[in-house]
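A.B. asks: Before we start, here is the structure in question, set down as structure tokens.
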Amino acid sequence: MEPRSLMVRASAVAVDIVRGIRDDDLESPTPCTELNVRALVGHLAHWTGVRGHAAGLKQAPHEDRFVDGFDFTGVAGWADAYASRSAATALVWSEPDAWAGETALTGAGSGSMPARFVGGILLGEWLVHGWDLAVATGQQVAVDVDDELAAALYEDIAGKAETARRYGVFGPEVPVPADAPLFEQALGLAGRDPSWRRQRGRPVGS
């Protein structure tokens with residue numbers, strides 16, 4: 001299946017998770033040890049709601065105040081705002097033109113990458129960081145990642161995991177049983193422990 005046909009579903013997984021985050025979850029730690037829930041929401045909104053949208057259009061991003069590190073949860077109706085931005089990005093990446101040629105996630109004047117590579121990054125942002133936020137806030141995500149999404153994610157991560165680890169994008173591979181669901185195997189390749197569970201009362205940095 002062409003990845004472009006999966007982007008709306010991948011976005012919907014992340015949006016449902018973001019909508020399930022409560023105010024008292026925002027300071028909770030996540031599997032991304034340097035980011036708590038609040039910061040990870042901002043990261044996800046930046047890359048899948050600003051940079052990813054522009055990259056799909058082959059345009060320089062018009063970011064306004066929504067730079068990486070901005071507290072997106074301080075925006076009124078932030079969950080709905082994210083849902084709108086994420087859905088717009090998914091629609092752009094559902095078109096064949098988004099996957100053709102090269103594009104860039106990091107703005108004008110920066111190095112371009114194959115558009116298919118960038119599309120894979122967005123798929124991982126929605127599904128892997130979606131999982132990060134889900135387990136950090138006590139939600140279930142695996143049941144929402146269907147077999148086609150899991151297969152596309154695994155194929156993308158398997159193709160770039162070693163390079164990503166070399167540049168510090170992924171942590172060390174976490175061993176996962178060979179008979180584990182494909183989504184969990186993809187998480188392990190991305191340096192995630194599928195058994196990670198939230199730890200209440202321990203803010204990041206404690």
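Just remember, in the structure tokens the first chain shown is A, the second B, etc., residues are 1-based per chain, and ligands are 1-based in the order shown.
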Hey, what's within 8 Å of stretch 117-119 of chain A if we count only C-alpha atoms and toss same-chain stuff fewer than 2 positions away? As a VMD selection string, please?
C.D. replies: chain A and resid 55 93 99 103 to 105 113 to 115 121 to 123
A.B. asks: With N, CA and C atoms retained, export the selected residues as a CSV table (one decimal), in the first residue's frame.
C.D. replies:
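result_23.csv was written with the following content:
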chain,number,residue,atom,x,y,z
A,55,ALA,N,6.5,21.3,4.1
A,55,ALA,CA,7.4,20.4,3.4
A,55,ALA,C,6.5,19.6,2.3
A,93,TRP,N,-0.1,15.4,2.5
A,93,TRP,CA,0.7,14.2,2.2
A,93,TRP,C,-0.1,13.1,1.7
A,99,TRP,N,5.0,13.4,-2.4
A,99,TRP,CA,6.0,12.4,-2.3
A,99,TRP,C,7.0,12.4,-3.5
A,103,THR,N,12.3,17.6,-0.8
A,103,THR,CA,11.7,18.7,0.0
A,103,THR,C,12.6,18.8,1.3
A,104,ALA,N,12.2,19.8,2.2
A,104,ALA,CA,13.0,20.0,3.4
A,104,ALA,C,12.0,20.3,4.5
A,105,LEU,N,12.4,19.7,5.7
A,105,LEU,CA,11.6,20.0,6.9
A,105,LEU,C,12.2,21.2,7.7
A,113,MET,N,15.9,16.7,1.2
A,113,MET,CA,15.9,15.2,1.3
A,113,MET,C,14.9,14.7,0.4
A,114,PRO,N,15.0,13.4,0.0
A,114,PRO,CA,13.9,12.8,-0.8
A,114,PRO,C,12.6,12.9,-0.1
A,115,ALA,N,11.6,13.3,-0.8
A,115,ALA,CA,10.3,13.6,-0.2
A,115,ALA,C,9.7,12.3,0.5
A,121,ILE,N,9.4,10.3,7.9
A,121,ILE,CA,9.6,11.0,9.2
A,121,ILE,C,8.3,11.4,9.8
A,122,LEU,N,7.4,11.9,9.0
A,122,LEU,CA,6.1,12.3,9.5
A,122,LEU,C,5.3,11.2,10.0
A,123,LEU,N,5.3,10.1,9.3
A,123,LEU,CA,4.6,8.9,9.8
A,123,LEU,C,5.1,8.5,11.1
A.B. asks: Pick out each residue of stretch 37-132 of chain A that DSSP on the backbone tags as helix (DSSP H, G or I); I need them as a PyMOL selection string.
C.D. replies: chain A and resi 37-56+72-74+78-92+96-99+115-132
A.B. asks: Kindly assemble as CSV a list of the stretch 62-111 of chain A residues that lie within 8 Å of stretch 28-38 of chain A, each paired with its nearest atom pair and their distance in Å to one decimal, using only C-alpha atoms, sorted first by chain and then by ascending residue number.
C.D. replies:
residue,atom,partner,partner_atom,distance
A:Asp71,CA,A:Arg38,CA,7.0
A:Phe72,CA,A:Arg38,CA,7.8
A:Thr73,CA,A:Arg38,CA,6.6
A.B. asks: Skip A:Pro172 itself and residues of its chain fewer than 3 positions away, then list as a PDB file with N, CA, C and O atoms, in the first residue's frame all residues within 9 Å of it, counting only C-alpha atoms.
C.D. replies:
ATOM      1  N   ARG A 165      20.367   6.095  14.510  1.00  0.00           N
ATOM      2  CA  ARG A 165      21.105   5.916  15.760  1.00  0.00           C
ATOM      3  C   ARG A 165      22.470   6.611  15.703  1.00  0.00           C
ATOM      4  O   ARG A 165      22.925   7.200  16.681  1.00  0.00           O
ATOM      5  N   GLY A 188      10.796  -0.968  19.182  1.00  0.00           N
ATOM      6  CA  GLY A 188      12.104  -1.415  19.636  1.00  0.00           C
ATOM      7  C   GLY A 188      13.212  -0.928  18.725  1.00  0.00           C
ATOM      8  O   GLY A 188      14.275  -0.492  19.193  1.00  0.00           O
ATOM      9  N   LEU A 189      13.001  -0.986  17.411  1.00  0.00           N
ATOM     10  CA  LEU A 189      13.990  -0.484  16.463  1.00  0.00           C
ATOM     11  C   LEU A 189      14.229   1.014  16.647  1.00  0.00           C
ATOM     12  O   LEU A 189      15.342   1.506  16.430  1.00  0.00           O
ATOM     13  N   ALA A 190      13.187   1.727  17.049  1.00  0.00           N
ATOM     14  CA  ALA A 190      13.296   3.170  17.262  1.00  0.00           C
ATOM     15  C   ALA A 190      13.840   3.515  18.644  1.00  0.00           C
ATOM     16  O   ALA A 190      13.855   4.685  19.026  1.00  0.00           O
ATOM     17  N   GLY A 191      14.270   2.500  19.397  1.00  0.00           N
ATOM     18  CA  GLY A 191      14.854   2.755  20.707  1.00  0.00           C
ATOM     19  C   GLY A 191      13.846   2.899  21.822  1.00  0.00           C
ATOM     20  O   GLY A 191      14.158   3.417  22.894  1.00  0.00           O
ATOM     21  N   ARG A 192      12.618   2.403  21.588  1.00  0.00           N
ATOM     22  CA  ARG A 192      11.579   2.477  22.611  1.00  0.00           C
ATOM     23  C   ARG A 192      11.407   1.103  23.259  1.00  0.00           C
ATOM     24  O   ARG A 192      11.493   0.082  22.584  1.00  0.00           O
TER      25      ARG A 192
END
A.B. asks: Identify which of the residues A:Phe70, A:Tyr82, A:Trp126, A:Phe170 lies closest to A:Ala10, counting only C-alpha atoms when measuring atom-to-atom distances.
C.D. replies: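 Distance minimum relative to A:Ala10 lands on A:Trp126.
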A.B. asks: Compile the contact shell of stretch 135-151 of chain A as a CSV table (one decimal) with C-alpha atoms, in the first residue's frame: residues with an atom at most 9 Å away, counting only C-alpha atoms, same-chain residues fewer than 3 positions apart removed.
C.D. replies:
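See part.csv below for the written result:
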chain,number,residue,atom,x,y,z
A,1,MET,CA,0.0,0.0,0.0
A,3,PRO,CA,2.2,5.4,2.3
A,6,LEU,CA,-2.1,5.9,5.3
A,7,MET,CA,-1.3,9.5,6.4
A,9,ARG,CA,-5.1,7.4,9.6
A,10,ALA,CA,-1.7,8.0,11.2
A,13,VAL,CA,-4.1,8.2,15.8
A,14,ALA,CA,-2.0,11.1,17.1
A,17,ILE,CA,-4.1,10.7,21.8
A,20,GLY,CA,-7.0,12.4,25.6
A,21,ILE,CA,-4.3,14.4,27.4
A,22,ARG,CA,-5.5,16.1,30.6
A,25,ASP,CA,-0.7,15.0,32.5
A,26,LEU,CA,1.4,17.9,31.1
A,28,SER,CA,4.5,13.9,33.3
A,29,PRO,CA,7.7,12.3,32.0
A,30,THR,CA,7.7,10.5,28.6
A,31,PRO,CA,9.9,7.9,27.0
A,36,ASN,CA,7.8,15.9,29.3
A,37,VAL,CA,4.3,15.7,27.9
A,123,LEU,CA,4.6,8.9,9.8
A,127,LEU,CA,2.9,7.0,15.5
A,130,GLY,CA,1.9,9.4,19.5
A,131,TRP,CA,2.8,6.2,21.4
A,132,ASP,CA,5.2,8.2,23.6
A,154,TYR,CA,8.2,-0.9,10.6
A,155,GLU,CA,9.4,-0.8,7.0
A,156,ASP,CA,10.3,2.9,7.3
A,181,PRO,CA,3.3,-7.4,17.3
A,182,LEU,CA,5.0,-5.5,14.4
A,183,PHE,CA,4.2,-2.2,16.0
A,184,GLU,CA,6.2,-3.2,19.1
A,186,ALA,CA,9.0,-1.0,15.2
A,196,TRP,CA,7.4,1.5,29.3
A,197,ARG,CA,4.6,2.8,31.6
A,198,ARG,CA,4.0,6.2,33.1
A,199,GLN,CA,5.4,7.1,36.5
A,200,ARG,CA,3.1,9.5,38.2
A.B. asks: Using only C-alpha atoms, which of the listed residues (A:Asp68, A:Glu102, A:Glu27, A:Asp97) sits closest to A:Leu133?
C.D. replies: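 Closest to A:Leu133 of all the choices is A:Glu27.
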A.B. asks: Set the distance at 8 Å and use only C-alpha atoms: which residues neighbour A:Gly120 once local chain neighbours fewer than 4 positions away are removed? I'd like the list as a short mmCIF file (atom, residue, chain, number, x, y, z; two decimals) with C-alpha atoms, in the first residue's frame.
C.D. replies:
data_model
loop_
_atom_site.label_atom_id
_atom_site.label_comp_id
_atom_site.auth_asym_id
_atom_site.auth_seq_id
_atom_site.Cartn_x
_atom_site.Cartn_y
_atom_site.Cartn_z
CA ARG A 116 9.55 9.89 0.52
CA GLY A 124 6.99 8.14 12.62
CA LEU A 153 6.06 2.15 10.15
CA ASP A 156 10.33 2.88 7.28
#
A.B. asks: Any idea what the distance is between atom CA of A:Ser195 and atom CA of A:Thr48?
C.D. replies: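 Between atom CA of A:Ser195 and atom CA of A:Thr48 the gap works out to 25.7 Å.
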A.B. asks: Identify all residues of chain A in strand (DSSP E) (DSSP on the backbone) and supply them as a list in words.
C.D. replies: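 Checking each residue of chain A, the strand (DSSP E) ones are Glu102, Thr103, Met113 and Pro114 of chain A.
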A.B. asks: Of the candidates A:Val128, A:Ala45, A:Leu187, A:Val8, which shows the shortest atom-to-atom distance to A:Val75, using only C-alpha atoms?
C.D. replies: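 Checking each of A:Val128, A:Ala45, A:Leu187, A:Val8 against A:Val75, counting only C-alpha atoms, the winner is A:Ala45.
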